[in-house]
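Participant: This is the content of start_29.cif (mmCIF, C-alpha atoms):
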data_protein
loop_
_atom_site.label_atom_id
_atom_site.label_comp_id
_atom_site.auth_asym_id
_atom_site.auth_seq_id
_atom_site.Cartn_x
_atom_site.Cartn_y
_atom_site.Cartn_z
CA MET A 25 7.16 28.30 2.68
CA ILE A 26 7.41 27.03 6.27
CA ARG A 27 9.16 23.68 6.47
CA PRO A 28 8.40 21.19 9.23
CA GLN A 29 10.92 20.46 11.97
CA VAL A 30 12.20 17.04 10.91
CA SER A 31 13.91 14.96 13.57
CA PRO A 32 17.57 14.02 12.97
CA ALA A 33 16.65 10.32 12.59
CA VAL A 34 13.95 10.99 10.00
CA ALA A 35 16.11 13.54 8.16
CA ALA A 36 18.99 11.07 7.96
CA ALA A 37 16.71 8.34 6.60
CA LEU A 38 15.26 10.64 3.95
CA GLU A 39 18.71 11.86 2.94
CA ALA A 40 19.96 8.30 2.59
CA GLY A 41 16.90 7.20 0.63
CA ARG A 42 15.81 4.76 3.34
CA PRO A 43 12.08 4.05 3.79
CA VAL A 44 10.12 6.31 6.14
CA VAL A 45 6.55 5.85 7.40
CA ALA A 46 4.50 8.75 8.73
CA LEU A 47 2.28 8.24 11.78
CA GLU A 48 -0.56 10.39 13.08
CA SER A 49 -0.86 11.54 16.69
CA THR A 50 -4.60 11.75 17.39
CA ILE A 51 -4.51 8.04 18.18
CA ILE A 52 -2.23 9.02 21.07
CA THR A 53 -4.16 12.02 22.37
CA HIS A 54 -7.76 11.20 21.46
CA GLY A 55 -7.87 7.47 20.75
CA MET A 56 -6.52 5.67 23.79
CA PRO A 57 -6.20 6.21 27.55
CA TRP A 58 -2.91 6.86 29.38
CA PRO A 59 -0.59 4.94 29.69
CA ARG A 60 -1.80 2.52 27.02
CA ASN A 61 -1.53 5.25 24.41
CA LEU A 62 2.20 5.68 25.04
CA ASP A 63 2.80 1.92 25.01
CA VAL A 64 1.03 1.61 21.66
CA ALA A 65 2.83 4.62 20.15
CA ARG A 66 6.16 3.08 21.10
CA ALA A 67 5.10 -0.36 19.84
CA VAL A 68 4.03 1.01 16.44
CA GLU A 69 7.35 2.82 16.02
CA THR A 70 9.22 -0.36 17.00
CA GLU A 71 7.20 -2.39 14.49
CA ILE A 72 8.23 -0.02 11.71
CA ARG A 73 11.89 -0.07 12.72
CA ASP A 74 11.86 -3.87 12.91
CA ALA A 75 10.54 -3.89 9.33
CA GLY A 76 13.50 -1.81 8.18
CA ALA A 77 11.89 1.64 7.98
CA GLU A 78 12.05 4.83 10.05
CA PRO A 79 8.89 5.97 11.87
CA ALA A 80 7.91 9.64 11.74
CA THR A 81 5.20 10.45 14.27
CA ILE A 82 3.75 13.86 13.46
CA ALA A 83 2.30 16.53 15.78
CA VAL A 84 2.27 20.27 16.35
CA ILE A 85 4.18 21.05 19.55
CA ASP A 86 4.19 24.60 20.89
CA GLY A 87 3.44 25.88 17.40
CA ALA A 88 6.09 23.82 15.61
CA LEU A 89 5.09 21.19 13.05
CA CYS A 90 7.23 18.25 14.12
CA VAL A 91 7.90 15.28 11.86
CA GLY A 92 9.48 12.58 14.02
CA LEU A 93 9.15 12.84 17.80
CA THR A 94 11.67 11.95 20.47
CA ASP A 95 10.59 9.47 23.11
CA ALA A 96 10.33 12.35 25.61
CA GLN A 97 8.03 14.24 23.22
CA LEU A 98 5.90 11.12 22.74
CA GLU A 99 5.53 10.70 26.50
CA ALA A 100 4.67 14.36 27.04
CA LEU A 101 2.07 14.27 24.26
CA ALA A 102 0.53 11.09 25.65
CA GLN A 103 -0.05 12.82 29.01
CA ALA A 104 -0.99 16.27 27.70
CA ARG A 105 -4.45 17.72 28.36
CA GLN A 106 -6.63 19.82 26.04
CA VAL A 107 -4.57 18.97 22.96
CA ALA A 108 -6.22 20.30 19.80
CA LYS A 109 -7.38 17.80 17.19
CA LEU A 110 -6.00 19.17 13.93
CA SER A 111 -7.20 18.84 10.37
CA ARG A 112 -6.52 20.97 7.30
CA ALA A 113 -8.81 23.78 8.50
CA ASP A 114 -7.17 24.47 11.85
CA MET A 115 -3.56 23.30 11.67
CA ALA A 116 -2.23 26.74 10.67
CA VAL A 117 -4.24 28.46 13.40
CA CYS A 118 -2.81 26.12 16.03
CA MET A 119 0.71 26.77 14.80
CA ALA A 120 0.22 30.55 14.65
CA ALA A 121 -1.07 30.55 18.23
CA GLY A 122 1.91 28.52 19.47
CA ARG A 123 -0.33 25.72 20.71
CA THR A 124 0.00 21.94 20.74
CA GLY A 125 -2.16 19.77 18.52
CA ALA A 126 -2.43 16.17 17.37
CA THR A 127 -2.74 15.51 13.66
CA THR A 128 -5.64 13.66 12.07
CA VAL A 129 -5.28 11.75 8.80
CA ALA A 130 -5.67 14.94 6.73
CA ALA A 131 -3.16 16.99 8.74
CA THR A 132 -0.68 14.12 8.85
CA MET A 133 -0.84 13.77 5.06
CA ILE A 134 -0.11 17.48 4.65
CA ALA A 135 2.89 17.33 6.99
CA ALA A 136 4.18 14.11 5.43
CA GLN A 137 4.12 15.62 1.95
CA LEU A 138 5.92 18.75 3.18
CA ALA A 139 8.66 16.51 4.60
CA GLY A 140 8.93 14.31 1.51
CA ILE A 141 7.32 11.21 3.06
CA GLU A 142 5.02 9.23 0.75
CA VAL A 143 3.63 6.47 2.99
CA PHE A 144 1.48 6.87 6.09
CA ALA A 145 0.10 4.21 8.44
CA THR A 146 -2.99 4.84 10.55
CA GLY A 147 -5.89 2.93 12.11
CA GLY A 148 -8.87 4.00 10.03
CA ILE A 149 -9.73 7.05 7.97
CA GLY A 150 -12.65 9.39 8.57
CA GLY A 151 -15.47 9.54 6.10
CA VAL A 152 -19.18 10.17 5.66
CA HIS A 153 -21.03 10.00 8.98
CA LYS A 154 -24.43 8.39 9.31
CA GLY A 155 -27.10 11.01 8.70
CA ALA A 156 -24.77 13.14 6.59
CA GLU A 157 -27.62 13.82 4.17
CA THR A 158 -28.94 16.25 6.80
CA SER A 159 -25.87 17.01 8.94
CA PHE A 160 -23.37 17.26 6.04
CA ASP A 161 -20.81 15.68 8.41
CA VAL A 162 -18.09 14.44 6.05
CA SER A 163 -14.47 14.11 7.14
CA ALA A 164 -11.81 16.27 5.49
CA ASP A 165 -9.76 13.08 5.18
CA LEU A 166 -11.57 12.22 1.96
CA GLN A 167 -10.76 15.48 0.19
CA GLU A 168 -7.17 15.24 1.43
CA LEU A 169 -6.79 11.82 -0.15
CA ALA A 170 -7.92 13.39 -3.43
CA GLN A 171 -5.32 16.16 -3.42
CA THR A 172 -2.26 15.10 -1.38
CA GLY A 173 0.10 12.52 -2.85
CA VAL A 174 0.53 10.14 0.07
CA THR A 175 -0.38 6.45 0.18
CA VAL A 176 -2.42 5.84 3.33
CA VAL A 177 -2.52 2.36 4.86
CA ALA A 178 -5.60 1.90 7.06
CA ALA A 179 -8.00 -0.86 8.06
CA GLY A 180 -10.60 0.86 5.89
CA ALA A 181 -12.84 3.67 7.10
CA LYS A 182 -13.93 3.61 10.74
CA ALA A 183 -16.87 1.23 11.15
CA ILE A 184 -18.96 3.92 12.89
CA LEU A 185 -19.34 5.67 9.51
CA ASP A 186 -21.72 5.24 6.61
CA LEU A 187 -19.40 2.98 4.64
CA PRO A 188 -21.32 2.79 1.33
CA LYS A 189 -21.53 6.60 1.18
CA THR A 190 -17.86 6.90 2.14
CA LEU A 191 -16.87 4.56 -0.68
CA GLU A 192 -19.10 6.45 -3.12
CA ARG A 193 -17.54 9.77 -2.11
CA LEU A 194 -14.01 8.39 -2.57
CA GLU A 195 -14.97 7.17 -6.04
CA THR A 196 -16.34 10.61 -6.93
CA LEU A 197 -13.09 12.21 -5.76
CA GLY A 198 -11.01 9.84 -7.87
CA VAL A 199 -9.23 8.19 -4.94
CA PRO A 200 -7.92 4.65 -5.61
CA VAL A 201 -9.35 2.36 -2.91
CA ILE A 202 -7.25 -0.80 -2.82
CA ALA A 203 -8.16 -3.81 -0.68
CA TYR A 204 -5.04 -5.69 0.35
CA GLY A 205 -5.19 -9.44 -0.20
CA GLN A 206 -8.97 -9.78 -0.50
CA ASP A 207 -11.92 -8.69 -2.64
CA GLN A 208 -14.02 -7.31 0.21
CA LEU A 209 -13.39 -3.94 1.80
CA PRO A 210 -12.46 -4.27 5.47
CA ALA A 211 -14.38 -2.25 8.07
CA PHE A 212 -11.84 -1.32 10.75
CA TRP A 213 -12.52 -3.84 13.56
CA SER A 214 -14.01 -6.32 11.04
CA ARG A 215 -12.35 -7.95 8.05
CA GLU A 216 -15.38 -7.44 5.81
CA ALA A 217 -17.69 -4.47 5.34
CA GLY A 218 -20.17 -6.20 3.05
CA LEU A 219 -18.83 -4.10 0.17
CA ARG A 220 -16.70 -5.22 -2.75
CA ALA A 221 -13.52 -3.22 -3.09
CA PRO A 222 -13.04 -1.28 -6.34
CA LEU A 223 -9.43 -2.52 -6.56
CA ARG A 224 -7.40 -5.37 -5.11
CA MET A 225 -3.65 -5.81 -4.76
CA ASP A 226 -1.80 -8.66 -3.09
CA SER A 227 1.70 -7.29 -2.48
CA ALA A 228 3.51 -4.23 -1.23
CA ALA A 229 5.39 -4.11 -4.53
CA GLU A 230 2.15 -3.74 -6.55
CA ILE A 231 0.97 -0.92 -4.30
CA ALA A 232 4.32 0.86 -4.54
CA ARG A 233 4.30 0.65 -8.34
CA ALA A 234 0.77 2.08 -8.45
CA HIS A 235 1.81 5.03 -6.27
CA LEU A 236 4.83 5.78 -8.45
CA MET A 237 2.81 5.41 -11.66
CA ARG A 238 0.20 7.82 -10.34
CA ALA A 239 2.93 10.40 -9.68
CA ALA A 240 4.50 9.77 -13.10
CA LEU A 241 1.15 10.50 -14.73
CA GLY A 242 0.92 13.78 -12.85
CA LEU A 243 -2.30 12.78 -11.12
CA PRO A 244 -3.00 14.61 -7.85
CA GLY A 245 -3.87 12.80 -4.66
CA GLY A 246 -2.88 9.61 -2.92
CA GLN A 247 -4.11 6.06 -2.50
CA LEU A 248 -6.12 4.40 0.24
CA VAL A 249 -4.85 0.90 1.02
CA ALA A 250 -7.51 -0.96 3.00
CA ASN A 251 -5.64 -3.59 5.00
CA PRO A 252 -7.87 -6.07 6.87
CA ILE A 253 -7.35 -6.58 10.59
CA PRO A 254 -5.67 -9.93 11.41
CA ALA A 255 -8.31 -12.67 11.61
CA GLU A 256 -7.49 -13.57 15.21
CA ALA A 257 -8.11 -10.00 16.36
CA GLU A 258 -11.28 -9.08 14.47
CA ILE A 259 -14.72 -8.40 15.88
CA PRO A 260 -17.25 -9.72 13.34
CA ARG A 261 -19.53 -7.20 11.67
CA ALA A 262 -22.65 -8.93 13.02
CA THR A 263 -21.37 -8.56 16.57
CA LEU A 264 -20.48 -4.89 16.11
CA ALA A 265 -23.61 -3.67 14.32
CA PRO A 266 -25.88 -3.43 17.41
CA VAL A 267 -23.03 -1.96 19.47
CA ILE A 268 -22.43 0.80 16.92
CA ALA A 269 -26.16 1.46 16.72
CA GLN A 270 -26.35 1.85 20.49
CA ALA A 271 -23.31 4.16 20.61
CA THR A 272 -24.71 6.29 17.78
CA SER A 273 -28.08 6.56 19.52
CA ASP A 274 -26.36 7.59 22.76
CA ALA A 275 -24.39 10.29 20.93
CA ALA A 276 -27.56 11.71 19.39
CA GLN A 277 -29.32 11.68 22.77
CA HIS A 278 -26.46 13.71 24.28
CA GLY A 279 -26.25 16.11 21.33
CA ILE A 280 -22.66 15.15 20.47
CA SER A 281 -21.49 16.09 16.98
CA GLY A 282 -18.58 17.53 15.00
CA LYS A 283 -15.05 16.77 16.12
CA ALA A 284 -16.31 15.38 19.43
CA LEU A 285 -18.38 12.67 17.75
CA THR A 286 -15.72 10.16 16.71
CA PRO A 287 -13.86 10.15 20.08
CA TYR A 288 -17.20 9.76 21.89
CA LEU A 289 -18.30 6.86 19.69
CA LEU A 290 -14.96 5.06 20.04
CA GLN A 291 -15.08 5.44 23.84
CA ARG A 292 -18.69 4.27 24.03
CA ILE A 293 -17.93 1.24 21.85
CA PHE A 294 -14.95 0.48 24.09
CA GLU A 295 -17.33 0.43 27.06
CA LEU A 296 -19.99 -1.64 25.32
CA THR A 297 -17.46 -4.23 24.11
CA GLU A 298 -15.74 -4.32 27.53
CA GLY A 299 -12.44 -3.23 26.03
CA ARG A 300 -12.41 -5.64 23.11
CA SER A 301 -12.56 -2.81 20.56
CA LEU A 302 -9.36 -1.27 21.94
CA GLU A 303 -7.45 -4.54 21.64
CA ALA A 304 -8.65 -4.90 18.06
CA ASN A 305 -7.65 -1.30 17.35
CA ILE A 306 -4.12 -1.94 18.58
CA ALA A 307 -3.79 -5.11 16.50
CA LEU A 308 -4.90 -3.40 13.30
CA VAL A 309 -2.62 -0.38 13.80
CA LEU A 310 0.41 -2.66 14.24
CA ASN A 311 -0.65 -4.64 11.17
CA ASN A 312 -0.95 -1.46 9.11
CA ALA A 313 2.47 -0.27 10.27
CA ARG A 314 4.08 -3.47 8.99
CA LEU A 315 2.46 -3.21 5.58
CA ALA A 316 3.28 0.51 5.29
CA ALA A 317 6.95 -0.19 6.00
CA GLY A 318 6.97 -2.79 3.24
CA ILE A 319 5.35 -0.40 0.76
CA ALA A 320 7.83 2.37 1.63
CA ALA A 321 10.74 -0.01 1.06
CA GLU A 322 9.34 -1.11 -2.31
CA MET A 323 8.87 2.50 -3.40
CA GLY A 324 12.52 3.23 -2.73
CA ALA A 325 13.63 0.14 -4.64
CA ARG A 326 11.57 0.99 -7.71
CA ARG A 327 11.73 4.77 -7.90
CA GLY A 328 14.40 4.85 -10.62
CA ASN A 329 12.12 2.93 -12.98
CA PHE A 330 9.58 5.78 -13.15
CA PRO A 331 9.98 9.26 -14.65
CA SER A 332 9.82 12.11 -12.13
#
Can you give me the file's structure in the form of structure tokens?
Facilitator:
Amino acid sequence: MIRPQVSPAVAAALEAGRPVVALESTIITHGMPWPRNLDVARAVETEIRDAGAEPATIAVIDGALCVGLTDAQLEALAQARQVAKLSRADMAVCMAAGRTGATTVAATMIAAQLAGIEVFATGGIGGVHKGAETSFDVSADLQELAQTGVTVVAAGAKAILDLPKTLERLETLGVPVIAYGQDQLPAFWSREAGLRAPLRMDSAAEIARAHLMRAALGLPGGQLVANPIPAEAEIPRATLAPVIAQATSDAAQHGISGKALTPYLLQRIFELTEGRSLEANIALVLNNARLAAGIAAEMGARRGNFPS
């Protein structure tokens, strides 16, 4: 089996049993403009280090699956053009062709598990798109959560999605959906989605124990931890609803679908909110990184109490 290229810093942390948090790279290549994307990538890594964990940003670079990037690699990726957006279906093809690609939630989970990393911080997961009953547009992130044993900390599913259908699909797949510190599911830029969460936990220690118990039971798959955006940074759901509707209508008018849809919608919402959505996105990613570092630390502290 091919093993990922693990950076010396990440390898040393794993060897010593110190907490490590995986990070995706599509937020760098497809989620934010240069040079803000590099600033945010560095800030998220710093947040994790300040919380006592080691960040492991993941990407495919010239065909190599890299777990933990140097600052030079981060900067090069942030400026790169025509970077592939990789999920489970196309990661191997990108590697075989010697190309460069940024990992989505699904691809990052795969790489994290290969490297022995059990916690991953991101912005929001993909899910069931609006109109999926005719388009069948459902993100591979959901199936990955059902089969790959990584706890994913996100601000819920992206608010551009059909959130009730996304939650229903996660339930069908047997994925634990845990709201952190509240009963309502968050909706990315908003603290509440109008949906009650199936599960609630109020501490990193509880979430870590649940992850370890799931592994001890031999259950496949990971957990989704839905961490609400800080109150001071949120955009209320009522404010966002007409904006999302307009962006979705614009995408349909231009015939945009598939992998191009989410980046288009995020860019259009950025324009319609005059940049407010980007600031909220940054705040929630940093918030998720902090919680993920805490969960990773708690997992390490409690691992000996669970059978392997």
Participant: Which residues, named as in the file, does the PyMOL selection byres ((chain A and resi 317-322) around 6) pick out? Answer as number ranges by chain.
Facilitator: A: 43, 72, 77, 228-229, 232, 314-316, 323-325
Participant: Show me the residues around (-4.4, 24.8, 17.0) - criterion: an atom at most 12 Å away, only C-alpha atoms counted - as a PyMOL selection string.
Facilitator: chain A and resi 83-89+106-127+131
Participant: Evaluating the PyMOL selection byres ((chain A and resi 197-200) around 6) on the displayed file yields which residues, as a list of chain:residue names?
Facilitator: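 When the PyMOL selection byres ((chain A and resi 197-200) around 6) is applied, the selected residues are A:Ala170, A:Leu194, A:Glu195, A:Thr196, A:Val201, A:Gln247.
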Participant: Could you give me, as a PyMOL selection string, the residues within 6 Å of range 45-48 of chain A, counting only C-alpha atoms and dropping anything in the same chain fewer than 3 positions from it?
Facilitator: chain A and resi 79-82+127+132+143-145
Participant: Ile184 in chain A: which residues within 12 Å, counting only C-alpha atoms, same-chain residues fewer than 5 positions away excluded, as a CSV table (one decimal) with C-alpha atoms, in the frame of the given file?
Facilitator:
chain,number,residue,atom,x,y,z
A,148,GLY,CA,-8.9,4.0,10.0
A,149,ILE,CA,-9.7,7.0,8.0
A,150,GLY,CA,-12.6,9.4,8.6
A,151,GLY,CA,-15.5,9.5,6.1
A,152,VAL,CA,-19.2,10.2,5.7
A,153,HIS,CA,-21.0,10.0,9.0
A,154,LYS,CA,-24.4,8.4,9.3
A,155,GLY,CA,-27.1,11.0,8.7
A,190,THR,CA,-17.9,6.9,2.1
A,211,ALA,CA,-14.4,-2.2,8.1
A,212,PHE,CA,-11.8,-1.3,10.8
A,213,TRP,CA,-12.5,-3.8,13.6
A,214,SER,CA,-14.0,-6.3,11.0
A,217,ALA,CA,-17.7,-4.5,5.3
A,261,ARG,CA,-19.5,-7.2,11.7
A,264,LEU,CA,-20.5,-4.9,16.1
A,265,ALA,CA,-23.6,-3.7,14.3
A,266,PRO,CA,-25.9,-3.4,17.4
A,267,VAL,CA,-23.0,-2.0,19.5
A,268,ILE,CA,-22.4,0.8,16.9
A,269,ALA,CA,-26.2,1.5,16.7
A,270,GLN,CA,-26.4,1.8,20.5
A,271,ALA,CA,-23.3,4.2,20.6
A,272,THR,CA,-24.7,6.3,17.8
A,273,SER,CA,-28.1,6.6,19.5
A,275,ALA,CA,-24.4,10.3,20.9
A,285,LEU,CA,-18.4,12.7,17.8
A,286,THR,CA,-15.7,10.2,16.7
A,287,PRO,CA,-13.9,10.2,20.1
A,288,TYR,CA,-17.2,9.8,21.9
A,289,LEU,CA,-18.3,6.9,19.7
A,290,LEU,CA,-15.0,5.1,20.0
A,291,GLN,CA,-15.1,5.4,23.8
A,292,ARG,CA,-18.7,4.3,24.0
A,293,ILE,CA,-17.9,1.2,21.8
Participant: When distances are computed from all atoms listed in the file, which of A:Ser227, A:Gln277, A:Asn251, A:Gln206 shows the smallest separation from Ala181 in chain A?
Facilitator: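 Among the listed residues, A:Asn251 lies closest to Ala181 in chain A.
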Participant: What does the structure give for the distance between CA of Gln171 in chain A and CA of Leu243 in chain A, in Å to one decimal?
Facilitator: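 Spanning CA of Gln171 in chain A to CA of Leu243 in chain A is a straight-line distance of 8.9 Å.
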Participant: List as a list in words the protein and nucleic acid residues near range 97-100 of chain A, meaning an atom at most 8 Å away when all atoms listed in the file are counted, but skip any in the same chain fewer than 4 places from it.
Facilitator: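 So, after excluding close chain neighbours, the residues are Leu62, Ala65, Leu93 and Ala104 of chain A.
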Participant: Give me the residues within 9 Å of Gln208 in chain A as a list in words, counting all atoms listed in the file and dropping any in the same chain fewer than 2 places off.
Facilitator: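 Here the qualifying residues turn out to be Ala203, Gln206, Pro210, Arg215, Glu216, Ala217, Gly218, Leu219, Arg220, Ala221, Pro222 and Arg224 of chain A.
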Participant: What gap, in Å, lies between CA of Pro260 in chain A and CA of Ser301 in chain A?
Facilitator: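 Interatomic distance here is 11.0 Å.
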Participant: Report the distance between CA of Ile52 in chain A and CA of Glu71 in chain A in Å, rounded to one decimal place.
Facilitator: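 So the answer is 16.2 Å.
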Participant: On this file, the PyMOL selection byres ((chain A and resi 172-176) around 7) gives some set of residues; write that set as an MDAnalysis selection string.
Facilitator: chainID A and resid 133:134 137 142:145 168:171 177:178 235 244:249
Participant: Of the candidates A:Thr94, A:Thr158, A:Thr70, A:Ser49, which one gets nearest to Ser31 in chain A if we count only C-alpha atoms?
Facilitator: A:Thr94
Participant: Just need the box for range 31-50 of chain A, edges along x, y and z, holding every atom the file lists for it with 4 Å tacked onto each side, so centre and edge lengths in Å to one decimal, as JSON.
Facilitator:
{"center_x": 7.7, "center_y": 9.5, "center_z": 9.0, "size_x": 32.6, "size_y": 18.9, "size_z": 24.8}
Participant: Counting all atoms listed in the file, which of A:Lys189, A:His54, A:Arg73, A:Arg105 gets nearest to Phe160 in chain A?
Facilitator: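 That would be A:Lys189, the residue with the smallest distance to Phe160 in chain A.
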Participant: Within 12 Å of (-6.8, -14.2, 15.2) in the file's own coordinates, which protein, DNA or RNA residues have an atom, counting only C-alpha atoms? List them as a short mmCIF file (atom, residue, chain, number, x, y, z; two decimals) with C-alpha atoms, in the coordinates of the input.
Facilitator:
data_model
loop_
_atom_site.label_atom_id
_atom_site.label_comp_id
_atom_site.auth_asym_id
_atom_site.auth_seq_id
_atom_site.Cartn_x
_atom_site.Cartn_y
_atom_site.Cartn_z
CA TRP A 213 -12.52 -3.84 13.56
CA SER A 214 -14.01 -6.32 11.04
CA ARG A 215 -12.35 -7.95 8.05
CA PRO A 252 -7.87 -6.07 6.87
CA ILE A 253 -7.35 -6.58 10.59
CA PRO A 254 -5.67 -9.93 11.41
CA ALA A 255 -8.31 -12.67 11.61
CA GLU A 256 -7.49 -13.57 15.21
CA ALA A 257 -8.11 -10.00 16.36
CA GLU A 258 -11.28 -9.08 14.47
CA ILE A 259 -14.72 -8.40 15.88
CA PRO A 260 -17.25 -9.72 13.34
CA GLU A 303 -7.45 -4.54 21.64
CA ALA A 304 -8.65 -4.90 18.06
CA ALA A 307 -3.79 -5.11 16.50
CA LEU A 308 -4.90 -3.40 13.30
#
Participant: So which one's closest to Ala130 in chain A, A:Asp165, A:Glu39, A:Asp226, A:Glu295? Using all atoms listed in the file, please.
Facilitator: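 For Ala130 in chain A, the nearest of the given residues is A:Asp165.
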Participant: Which is closest to Gly140 in chain A among A:Val91, A:Leu302, A:Pro188, A:Val162, if we use all atoms listed in the file?
Facilitator: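 So, comparing all the options, the nearest one is A:Val91.
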Participant: Counting only C-alpha atoms, figure out which residue out of A:Glu78, A:Glu192, A:Glu298, A:Glu157 gets nearest to Ala33 in chain A.
Facilitator: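 That would be A:Glu78, the residue with the smallest distance to Ala33 in chain A.
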